[in-house]
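Source file run-v3.tsv; content: TSV, C-alpha atoms and all ligand atoms.
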chain	number	residue	atom	x	y	z
A	1	ALA	CA	22.83	44.83	14.82
A	2	THR	CA	21.84	48.37	13.98
A	3	PRO	CA	18.92	48.94	11.64
A	4	VAL	CA	20.99	51.56	9.82
A	5	GLY	CA	23.67	49.03	8.99
A	6	LEU	CA	21.12	46.52	7.82
A	7	LEU	CA	19.40	49.02	5.57
A	8	ALA	CA	22.75	50.02	4.08
A	9	GLY	CA	23.22	46.36	3.24
A	10	THR	CA	19.85	46.06	1.58
A	11	GLY	CA	20.50	49.32	-0.30
A	12	ARG	CA	23.66	47.85	-1.80
A	13	ALA	CA	21.61	44.77	-2.60
A	14	SER	CA	19.06	46.75	-4.58
A	15	GLN	CA	21.88	48.31	-6.61
A	16	LEU	CA	22.82	44.77	-7.59
A	17	GLY	CA	19.27	43.91	-8.52
A	18	ILE	CA	18.58	41.93	-5.36
A	19	LEU	CA	15.38	42.66	-3.44
A	20	ILE	CA	15.39	41.68	0.23
A	21	ARG	CA	12.04	41.67	2.00
A	22	GLY	CA	13.32	42.95	5.34
A	23	PRO	CA	16.40	43.19	7.55
A	24	GLU	CA	15.50	40.01	9.47
A	25	VAL	CA	16.08	38.04	6.28
A	26	LEU	CA	19.82	38.70	6.46
A	27	GLU	CA	20.20	36.59	9.60
A	28	ASP	CA	18.67	33.58	7.82
A	29	THR	CA	21.27	33.78	5.06
A	30	ARG	CA	23.94	33.04	7.65
A	31	THR	CA	22.33	29.94	9.12
A	32	VAL	CA	21.24	28.12	5.94
A	33	ASP	CA	23.22	24.96	5.15
A	34	THR	CA	21.09	23.46	2.37
A	35	ILE	CA	19.94	25.00	-0.89
A	36	VAL	CA	17.03	23.34	-2.66
A	37	LEU	CA	16.85	24.20	-6.35
A	38	ASP	CA	13.83	23.86	-8.60
A	39	LYS	CA	14.94	22.51	-11.98
A	40	THR	CA	12.79	23.99	-14.73
A	41	GLY	CA	13.37	27.73	-15.12
A	42	THR	CA	15.80	27.84	-12.20
A	43	VAL	CA	18.72	25.52	-13.04
A	44	THR	CA	17.60	25.23	-16.68
A	45	THR	CA	16.47	28.05	-18.95
A	46	GLY	CA	12.91	26.72	-19.02
A	47	ASP	CA	12.91	27.57	-22.73
A	48	LEU	CA	11.93	24.10	-23.75
A	49	ALA	CA	11.74	22.93	-27.34
A	50	VAL	CA	9.53	20.20	-28.72
A	51	THR	CA	11.86	17.55	-30.12
A	52	SER	CA	9.32	14.97	-31.26
A	53	VAL	CA	5.64	14.16	-31.45
A	54	THR	CA	4.85	10.46	-31.52
A	55	PRO	CA	1.34	9.24	-32.34
A	56	LEU	CA	0.83	5.89	-30.66
A	57	GLN	CA	-0.08	3.58	-33.48
A	58	GLU	CA	-2.81	1.58	-31.87
A	59	GLN	CA	-4.52	4.33	-29.98
A	60	SER	CA	-3.99	7.40	-32.13
A	61	HIS	CA	-7.10	6.83	-34.20
A	62	GLY	CA	-5.54	8.56	-37.11
A	63	TYR	CA	-4.25	11.70	-35.43
A	64	ASP	CA	-0.87	12.24	-36.99
A	65	ALA	CA	1.96	14.17	-35.35
A	66	GLY	CA	0.96	17.53	-36.84
A	67	ARG	CA	-2.65	17.24	-35.71
A	68	LEU	CA	-1.70	16.03	-32.25
A	69	LEU	CA	0.60	19.02	-31.87
A	70	LEU	CA	-2.15	21.39	-32.99
A	71	LEU	CA	-4.67	19.87	-30.57
A	72	ALA	CA	-2.19	19.99	-27.68
A	73	GLY	CA	-1.14	23.54	-28.60
A	74	ALA	CA	-4.73	24.72	-28.63
A	75	VAL	CA	-5.20	23.64	-25.01
A	76	GLU	CA	-1.73	24.69	-23.83
A	77	ALA	CA	-2.34	28.20	-25.19
A	78	HIS	CA	-4.27	28.73	-21.94
A	79	SER	CA	-1.40	27.63	-19.66
A	80	GLU	CA	1.71	29.57	-18.65
A	81	HIS	CA	3.83	26.51	-17.89
A	82	PRO	CA	7.17	26.36	-19.80
A	83	ILE	CA	5.96	23.07	-21.34
A	84	ALA	CA	2.87	24.91	-22.59
A	85	THR	CA	4.91	27.76	-24.09
A	86	ALA	CA	7.04	25.25	-26.01
A	87	ILE	CA	4.09	23.26	-27.33
A	88	VAL	CA	2.23	26.40	-28.44
A	89	ALA	CA	5.32	27.68	-30.28
A	90	ALA	CA	5.77	24.33	-32.04
A	91	ALA	CA	2.07	24.15	-32.93
A	92	ARG	CA	2.11	27.64	-34.44
A	93	GLU	CA	5.17	26.71	-36.48
A	94	ARG	CA	3.47	23.60	-37.82
A	95	SER	CA	0.21	25.34	-38.62
A	96	ASP	CA	0.12	26.90	-42.10
A	97	SER	CA	-1.26	30.21	-40.90
A	98	GLY	CA	0.33	30.26	-37.44
A	99	HIS	CA	-3.23	29.92	-36.18
A	100	ILE	CA	-4.30	27.37	-33.58
A	101	PRO	CA	-7.86	26.24	-32.82
A	102	GLU	CA	-10.13	27.66	-30.13
A	103	VAL	CA	-10.66	25.97	-26.80
A	104	THR	CA	-13.49	26.13	-24.30
A	105	GLY	CA	-13.76	24.84	-20.75
A	106	PHE	CA	-10.03	24.98	-20.03
A	107	THR	CA	-8.91	23.43	-16.73
A	108	SER	CA	-5.44	22.79	-15.33
A	109	ALA	CA	-3.92	20.81	-12.48
A	110	ALA	CA	-0.71	22.29	-11.05
A	111	GLY	CA	2.21	19.96	-11.71
A	112	GLY	CA	-0.13	17.64	-13.59
A	113	GLY	CA	-1.47	18.87	-16.89
A	114	VAL	CA	-4.22	20.61	-18.78
A	115	HIS	CA	-7.55	19.82	-20.39
A	116	GLY	CA	-9.93	21.62	-22.74
A	117	THR	CA	-12.49	21.18	-25.47
A	118	VAL	CA	-11.14	22.02	-28.89
A	119	THR	CA	-13.57	23.24	-31.52
A	120	ASP	CA	-13.03	22.17	-35.09
A	121	GLY	CA	-11.75	24.08	-38.10
A	122	SER	CA	-15.11	25.36	-39.28
A	123	GLN	CA	-14.96	28.11	-36.67
A	124	THR	CA	-11.29	28.87	-37.07
A	125	GLY	CA	-11.11	28.90	-40.84
A	126	HIS	CA	-9.26	25.60	-40.76
A	127	ARG	CA	-11.97	23.27	-41.84
A	128	GLY	CA	-10.67	19.78	-41.88
A	129	TRP	CA	-7.57	20.18	-39.74
A	130	SER	CA	-9.03	17.85	-37.14
A	131	ASP	CA	-10.00	15.22	-39.67
A	132	PRO	CA	-8.08	12.06	-38.98
A	133	VAL	CA	-5.66	10.64	-41.52
A	134	PRO	CA	-4.54	7.02	-41.79
A	135	ILE	CA	-1.22	6.19	-40.18
A	136	ASP	CA	0.68	3.25	-41.63
A	137	GLY	CA	-2.42	1.96	-43.30
A	138	GLN	CA	-4.59	2.00	-40.19
A	139	SER	CA	-8.04	3.28	-40.80
A	140	PRO	CA	-8.79	6.63	-39.27
A	141	ARG	CA	-11.25	6.96	-36.46
A	142	ASP	CA	-14.80	7.81	-37.43
A	143	LEU	CA	-15.30	11.38	-36.36
A	144	THR	CA	-19.00	11.52	-37.06
A	145	THR	CA	-19.58	11.02	-33.34
A	146	HIS	CA	-18.15	14.48	-32.84
A	147	GLU	CA	-21.14	16.73	-33.26
A	148	GLY	CA	-19.81	20.11	-34.34
A	149	GLY	CA	-16.28	18.74	-34.24
A	150	LEU	CA	-15.75	19.08	-30.50
A	151	LEU	CA	-12.77	17.17	-29.20
A	152	SER	CA	-11.86	16.65	-25.57
A	153	VAL	CA	-8.08	17.02	-25.31
A	154	ALA	CA	-5.83	16.46	-22.28
A	155	VAL	CA	-2.06	16.97	-22.03
A	156	GLY	CA	0.11	16.07	-19.05
A	157	ARG	CA	1.98	13.59	-16.91
A	158	SER	CA	0.98	9.98	-16.20
A	159	ASP	CA	-0.88	10.35	-12.91
A	160	TYR	CA	-2.84	13.33	-14.23
A	161	MET	CA	-3.58	11.52	-17.49
A	162	ALA	CA	-5.04	8.55	-15.61
A	163	THR	CA	-7.72	10.92	-14.27
A	164	GLN	CA	-8.57	11.97	-17.84
A	165	LEU	CA	-8.84	8.56	-19.51
A	166	ASP	CA	-12.06	6.64	-19.98
A	167	SER	CA	-10.28	3.54	-18.70
A	168	GLY	CA	-8.94	5.42	-15.63
A	169	ALA	CA	-5.46	3.98	-16.09
A	170	LEU	CA	-2.59	3.71	-18.51
A	171	THR	CA	-1.81	0.26	-19.89
A	172	ALA	CA	1.59	-1.36	-19.34
A	173	ALA	CA	2.32	-0.94	-23.04
A	174	GLU	CA	1.55	2.77	-22.90
A	175	LYS	CA	3.71	3.27	-19.81
A	176	GLN	CA	6.55	1.52	-21.61
A	177	GLN	CA	6.30	4.02	-24.49
A	178	LEU	CA	6.69	6.97	-22.11
A	179	THR	CA	9.57	5.34	-20.25
A	180	ALA	CA	11.38	4.85	-23.57
A	181	ALA	CA	11.01	8.55	-24.39
A	182	GLU	CA	12.21	9.54	-20.90
A	183	GLU	CA	15.19	7.24	-21.06
A	184	ALA	CA	16.22	9.12	-24.18
A	185	GLY	CA	16.56	12.12	-21.82
A	186	ALA	CA	13.39	13.95	-22.77
A	187	THR	CA	10.62	15.49	-20.73
A	188	ALA	CA	7.82	13.36	-22.14
A	189	ILE	CA	4.11	14.07	-21.74
A	190	TRP	CA	0.91	12.43	-22.89
A	191	VAL	CA	-1.72	13.73	-25.25
A	192	ALA	CA	-5.17	12.15	-24.97
A	193	VAL	CA	-8.11	12.74	-27.29
A	194	ASP	CA	-11.63	11.95	-26.16
A	195	GLY	CA	-10.52	9.97	-23.14
A	196	GLN	CA	-7.97	7.82	-24.94
A	197	ILE	CA	-4.19	8.07	-25.22
A	198	ALA	CA	-3.26	9.40	-28.65
A	199	GLY	CA	0.45	10.17	-28.44
A	200	ILE	CA	3.53	11.48	-26.69
A	201	ILE	CA	5.23	14.86	-26.99
A	202	SER	CA	8.95	14.97	-26.10
A	203	LEU	CA	10.61	18.21	-25.05
A	204	GLN	CA	14.17	19.23	-24.26
A	205	ASP	CA	15.37	21.95	-21.91
A	206	THR	CA	18.81	23.63	-21.68
A	207	VAL	CA	20.95	24.00	-18.57
A	208	LYS	CA	21.84	27.67	-17.96
A	209	GLU	CA	25.54	28.37	-18.43
A	210	SER	CA	25.59	30.18	-15.10
A	211	SER	CA	24.21	27.21	-13.12
A	212	ALA	CA	27.30	24.99	-12.72
A	213	PRO	CA	29.61	27.84	-11.53
A	214	ALA	CA	26.92	29.09	-9.13
A	215	ILE	CA	26.42	25.61	-7.67
A	216	ALA	CA	30.20	25.32	-7.17
A	217	ARG	CA	30.00	28.61	-5.25
A	218	PHE	CA	27.13	27.34	-3.08
A	219	LYS	CA	29.31	24.38	-2.10
A	220	GLU	CA	32.24	26.69	-1.25
A	221	MET	CA	29.85	28.65	0.97
A	222	GLY	CA	28.96	25.44	2.81
A	223	LEU	CA	25.55	24.99	1.19
A	224	ARG	CA	24.54	21.52	0.05
A	225	PRO	CA	22.67	21.74	-3.27
A	226	ILE	CA	19.56	19.63	-3.79
A	227	LEU	CA	17.58	19.32	-7.04
A	228	LEU	CA	13.80	19.17	-6.68
A	229	THR	CA	11.56	18.73	-9.70
A	230	GLY	CA	8.24	17.52	-10.98
A	231	ASP	CA	9.99	16.24	-14.08
A	232	ASN	CA	11.10	12.63	-14.56
A	233	ALA	CA	14.16	11.03	-12.92
A	234	ALA	CA	16.13	10.46	-16.13
A	235	VAL	CA	16.06	14.15	-17.08
A	236	ALA	CA	16.65	15.28	-13.47
A	237	THR	CA	19.72	13.04	-13.10
A	238	GLN	CA	21.20	14.32	-16.36
A	239	VAL	CA	20.73	17.94	-15.31
A	240	ALA	CA	22.18	17.23	-11.85
A	241	ALA	CA	25.26	15.61	-13.38
A	242	ALA	CA	25.76	18.61	-15.66
A	243	VAL	CA	25.77	21.09	-12.78
A	244	GLY	CA	27.57	19.10	-10.07
A	245	ILE	CA	24.72	17.92	-7.86
A	246	SER	CA	25.20	14.37	-6.61
A	247	GLU	CA	22.69	11.72	-7.54
A	248	GLU	CA	21.47	11.11	-3.98
A	249	ASP	CA	20.49	14.78	-3.80
A	250	VAL	CA	18.06	14.53	-6.73
A	251	PHE	CA	14.33	14.32	-6.02
A	252	ALA	CA	12.30	13.86	-9.21
A	253	GLY	CA	8.62	13.38	-9.98
A	254	VAL	CA	7.76	15.57	-7.00
A	255	ARG	CA	4.30	17.13	-7.11
A	256	PRO	CA	3.91	20.79	-6.05
A	257	GLU	CA	2.42	19.89	-2.65
A	258	ASP	CA	5.21	17.40	-2.08
A	259	LYS	CA	7.84	20.08	-2.72
A	260	VAL	CA	6.70	21.67	0.55
A	261	ALA	CA	6.80	18.28	2.27
A	262	LYS	CA	10.36	17.74	1.05
A	263	VAL	CA	11.46	21.10	2.50
A	264	THR	CA	9.73	20.29	5.81
A	265	GLU	CA	11.38	16.86	5.88
A	266	LEU	CA	14.83	18.42	5.44
A	267	GLN	CA	14.05	20.93	8.20
A	268	ARG	CA	12.93	18.14	10.55
A	269	GLY	CA	16.24	16.45	9.82
A	270	GLY	CA	17.95	19.51	11.28
A	271	ARG	CA	18.79	21.31	8.05
A	272	VAL	CA	18.30	25.03	7.61
A	273	VAL	CA	16.89	25.30	4.14
A	274	ALA	CA	17.05	27.90	1.40
A	275	MET	CA	14.74	27.19	-1.54
A	276	VAL	CA	15.16	28.72	-4.98
A	277	GLY	CA	12.30	28.66	-7.48
A	278	ASP	CA	10.45	30.54	-10.15
A	279	GLY	CA	7.08	28.88	-10.66
A	280	VAL	CA	3.62	29.15	-9.18
A	281	ASN	CA	4.21	25.57	-8.07
A	282	ASP	CA	7.26	26.58	-6.06
A	283	ALA	CA	5.49	29.27	-4.03
A	284	PRO	CA	4.38	27.09	-1.07
A	285	ALA	CA	7.90	25.61	-0.76
A	286	LEU	CA	9.44	29.10	-0.97
A	287	ALA	CA	7.20	30.17	1.91
A	288	GLN	CA	8.02	27.05	3.96
A	289	ALA	CA	11.79	27.33	3.52
A	290	ASP	CA	13.87	29.20	6.10
A	291	LEU	CA	14.96	31.39	3.23
A	292	GLY	CA	12.84	31.62	0.07
A	293	ILE	CA	14.56	32.98	-3.03
A	294	ALA	CA	12.67	33.76	-6.24
A	295	MET	CA	14.11	34.27	-9.70
A	296	GLY	CA	13.01	37.67	-11.03
A	297	SER	CA	12.34	36.04	-14.39
A	298	GLY	CA	9.70	33.85	-12.73
A	299	THR	CA	6.10	34.33	-11.76
A	300	ASP	CA	4.61	37.02	-9.47
A	301	VAL	CA	3.31	34.32	-7.15
A	302	ALA	CA	6.84	33.02	-6.54
A	303	ARG	CA	8.17	36.54	-5.90
A	304	GLU	CA	5.40	37.23	-3.40
A	305	ALA	CA	6.20	34.08	-1.44
A	306	ALA	CA	9.95	34.75	-1.32
A	307	ASP	CA	12.22	36.55	1.17
A	308	ILE	CA	14.68	37.49	-1.54
A	309	THR	CA	14.11	38.13	-5.25
A	310	VAL	CA	17.03	38.32	-7.63
A	311	MET	CA	16.46	40.29	-10.80
A	312	GLY	CA	17.19	38.39	-13.96
A	313	SER	CA	17.60	34.68	-14.22
A	314	SER	CA	21.04	33.60	-12.99
A	315	LEU	CA	21.80	31.38	-9.99
A	316	GLY	CA	25.03	33.39	-9.80
A	317	GLN	CA	22.93	36.26	-8.44
A	318	VAL	CA	21.49	33.92	-5.83
A	319	ALA	CA	25.01	33.03	-4.65
A	320	GLN	CA	25.89	36.73	-4.69
A	321	SER	CA	22.84	37.68	-2.64
A	322	VAL	CA	23.60	35.11	0.06
A	323	GLN	CA	27.24	36.23	0.14
A	324	LEU	CA	26.31	39.91	0.30
A	325	SER	CA	23.80	39.33	3.11
A	326	ARG	CA	26.36	37.40	5.11
A	327	LYS	CA	28.97	40.09	4.55
A	328	THR	CA	26.55	42.81	5.63
A	329	LEU	CA	25.97	41.00	8.92
A	330	GLY	CA	29.72	40.57	9.36
A	331	ILE	CA	30.27	44.31	9.01
A	332	ILE	CA	27.57	45.41	11.43
A	333	LYS	CA	28.20	42.86	14.16
A	401	LIG	P1	9.07	21.56	-12.38
A	401	LIG	O1	9.22	21.17	-10.94
A	401	LIG	O2	10.11	20.89	-13.22
A	401	LIG	O3	9.06	23.07	-12.57
A	401	LIG	P2	6.13	21.20	-12.51
A	401	LIG	O4	5.86	20.81	-11.08
A	401	LIG	O5	5.69	22.55	-12.93
A	401	LIG	O6	7.68	20.95	-12.93
A	401	LIG	O7	5.43	20.13	-13.46
A	401	LIG	C1	5.65	18.75	-13.26
A	401	LIG	C2	5.16	17.95	-14.43
A	401	LIG	O8	3.75	18.13	-14.60
A	401	LIG	C3	5.76	18.35	-15.76
A	401	LIG	O9	7.03	17.77	-15.98
A	401	LIG	C4	4.70	17.82	-16.72
A	401	LIG	O10	4.84	16.43	-16.87
A	401	LIG	C5	3.40	18.09	-15.98
A	401	LIG	N1	2.80	19.39	-16.36
A	401	LIG	C6	2.69	20.48	-15.59
A	401	LIG	N2	2.06	21.48	-16.25
A	401	LIG	C7	1.82	21.02	-17.50
A	401	LIG	C8	1.22	21.57	-18.68
A	401	LIG	N3	0.75	22.83	-18.76
A	401	LIG	N4	1.13	20.76	-19.75
A	401	LIG	C9	1.59	19.50	-19.73
A	401	LIG	N5	2.17	18.93	-18.67
A	401	LIG	C10	2.28	19.67	-17.56
A	402	MG	MG	10.19	25.94	-12.26

Could I get this structure in the form of structure tokens?
Ligand code: ADP
Ligand code: MG
Amino acid sequence: ATPVGLLAGTGRASQLGILIRGPEVLEDTRTVDTIVLDKTGTVTTGDLAVTSVTPLQEQSHGYDAGRLLLLAGAVEAHSEHPIATAIVAAARERSDSGHIPEVTGFTSAAGGGVHGTVTDGSQTGHRGWSDPVPIDGQSPRDLTTHEGGLLSVAVGRSDYMATQLDSGALTAAEKQQLTAAEEAGATAIWVAVDGQIAGIISLQDTVKESSAPAIARFKEMGLRPILLTGDNAAVATQVAAAVGISEEDVFAGVRPEDKVAKVTELQRGGRVVAMVGDGVNDAPALAQADLGIAMGSGTDVAREAADITVMGSSLGQVAQSVQLSRKTLGIIK
């Protein structure tokens, strides 16, 4: 291989909006036989929409859907996760002024959820928004315990939520509520107020139109597509079916650190693995893969960890970049 030939290949790549870290990357594109795809933001648009907010009757203490959304939105305003973006947009829509309350002490757990302390309306010009209202005749929770109207609010998945609850665990009845929402095909997450479960927010994502044709192309190129996601199995299976990934190649509920472990496991099994992702959470797996590919529409952290970055947001460009790299090697051999 001549360096000149390789650079010509990468030059053509940059014309197509494909950034290749270095000439040595091209060789890896030839040997890969497995392509691991992150779901949210990679196979799907990641432009989620809130489809429902469900206060849990027994535990909600009078926080109705609108208030739960506002509380969750206030905390999620400090997160860049696609789930956060969707909840904030919905909260602003529901709020009369488009204004959402202030939050202090924000913390987040990657692939888990977020927590913060929400201050009440007296500071935000929305006095009373956090006052509880009765739901179906249940008496609202007494808020007088909240000096200055401070509310501890957590939003996230089950295992994260368990760490945020006073009881340290979800009840069987609560788990059943989330399962029901997930079985309806939604990405469902918990909202807890002051250490107790208050409700569920359901969100829906959209599969990119370009994903199914691109995955068909991967298969033609001899690459086995695998779907890897932190989201629930019901949603992951539906997305996989829509884009032509077989059910046994779906790995759902995978935490960020376990995404790396999954890539390593495939490599130990003799596979040469390309990983495609866009999120901060995907970065370690992108680095571990034999070939890391970042979506240009994703985060800086993902791009820094990757060998190849495709501009824009289409998996079609990923297929094109692998094809182009292979062709370049063919020419210069
Ligand atoms: P994916 O692999 O689909 O990109 P992540 O690993 O980023 O998903 O997140 C996995 C899960 O963690 C989400 O489906 C959600 O349940 C939870 N989660 C992560 N970040 C947040 C957040 N900011 N707010 C609420 N839930 C979150
Ligand atoms: Mg993602």

Hey, which residues come within 6 Å of ligand LIG 401 (chain A) if we count all atoms listed in the file? Could you give them as a VMD selection string? chain A and resid 38 to 40 76 79 81 83 to 84 110 to 114 155 to 157 189 229 to 231 255 to 256 281

Would you list the residues near (1.5, 27.0, -30.2) (no more than 10 Å away, in the coordinates of the file, using only C-alpha atoms) as an NGL selection string? :A and (69-77 or 84-95 or 98-101)

For ligand MG 402 (chain A), the nearest of the candidates A:Glu220, A:Asp47, A:Asp194, A:Asp307, counting all atoms listed in the file: A:Asp47

Which is closest to Phe251 (chain A) among A:Ile201, A:Met275, A:Val36, A:Leu56, if we use only C-alpha atoms? A:Val36

Given only C-alpha atoms and all ligand atoms as the counted atoms, nearest of A:Val50, A:Ala242, A:Leu37, A:Met161 to ligand MG 402 (chain A):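 Comparing A:Val50, A:Ala242, A:Leu37, A:Met161 against ligand MG 402 (chain A), the winner is A:Leu37.
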
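In terms of minimum interatomic distance to ligand MG 402 (chain A), A:Ser297 ranks closest within A:Ser297, A:Thr328, A:Ser14, A:Thr309, counting only C-alpha atoms and all ligand atoms.
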
CA of Gly253 (chain A) to CA of Val191 (chain A), straight-line distance in Å: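 Going from CA of Val191 (chain A) over to CA of Gly253 (chain A), I get 18.4 Å.
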
Tell me which of A:Gly298, A:Ala236, A:Gly222, A:Trp190 sits closest to Ala319 (chain A), counting all atoms listed in the file.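 Residue with the minimum atom-to-atom distance to Ala319 (chain A): A:Gly222.
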
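Of the residues under consideration (A:Val310, A:Val273, A:Val280, A:Leu48), A:Leu48 shows the shortest atom-to-atom contact distance to Ala188 (chain A) when counting all atoms listed in the file.
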
Suppose you want the space between CA of Gly66 (chain A) and CA of Ser152 (chain A); what is it in Å?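 Computing it gives 17.1 Å between the two atoms.
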
Selection near Ala49 (chain A), 7 Å with all atoms listed in the file, sequence-local residues under 4 positions removed, as a PyMOL selection string: chain A and resi 86+203-205

Would you compute the distance between CA of Val103 (chain A) and CA of Asn232 (chain A)? Give it in Å to one decimal.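 Between these atoms lies a distance of 28.3 Å.
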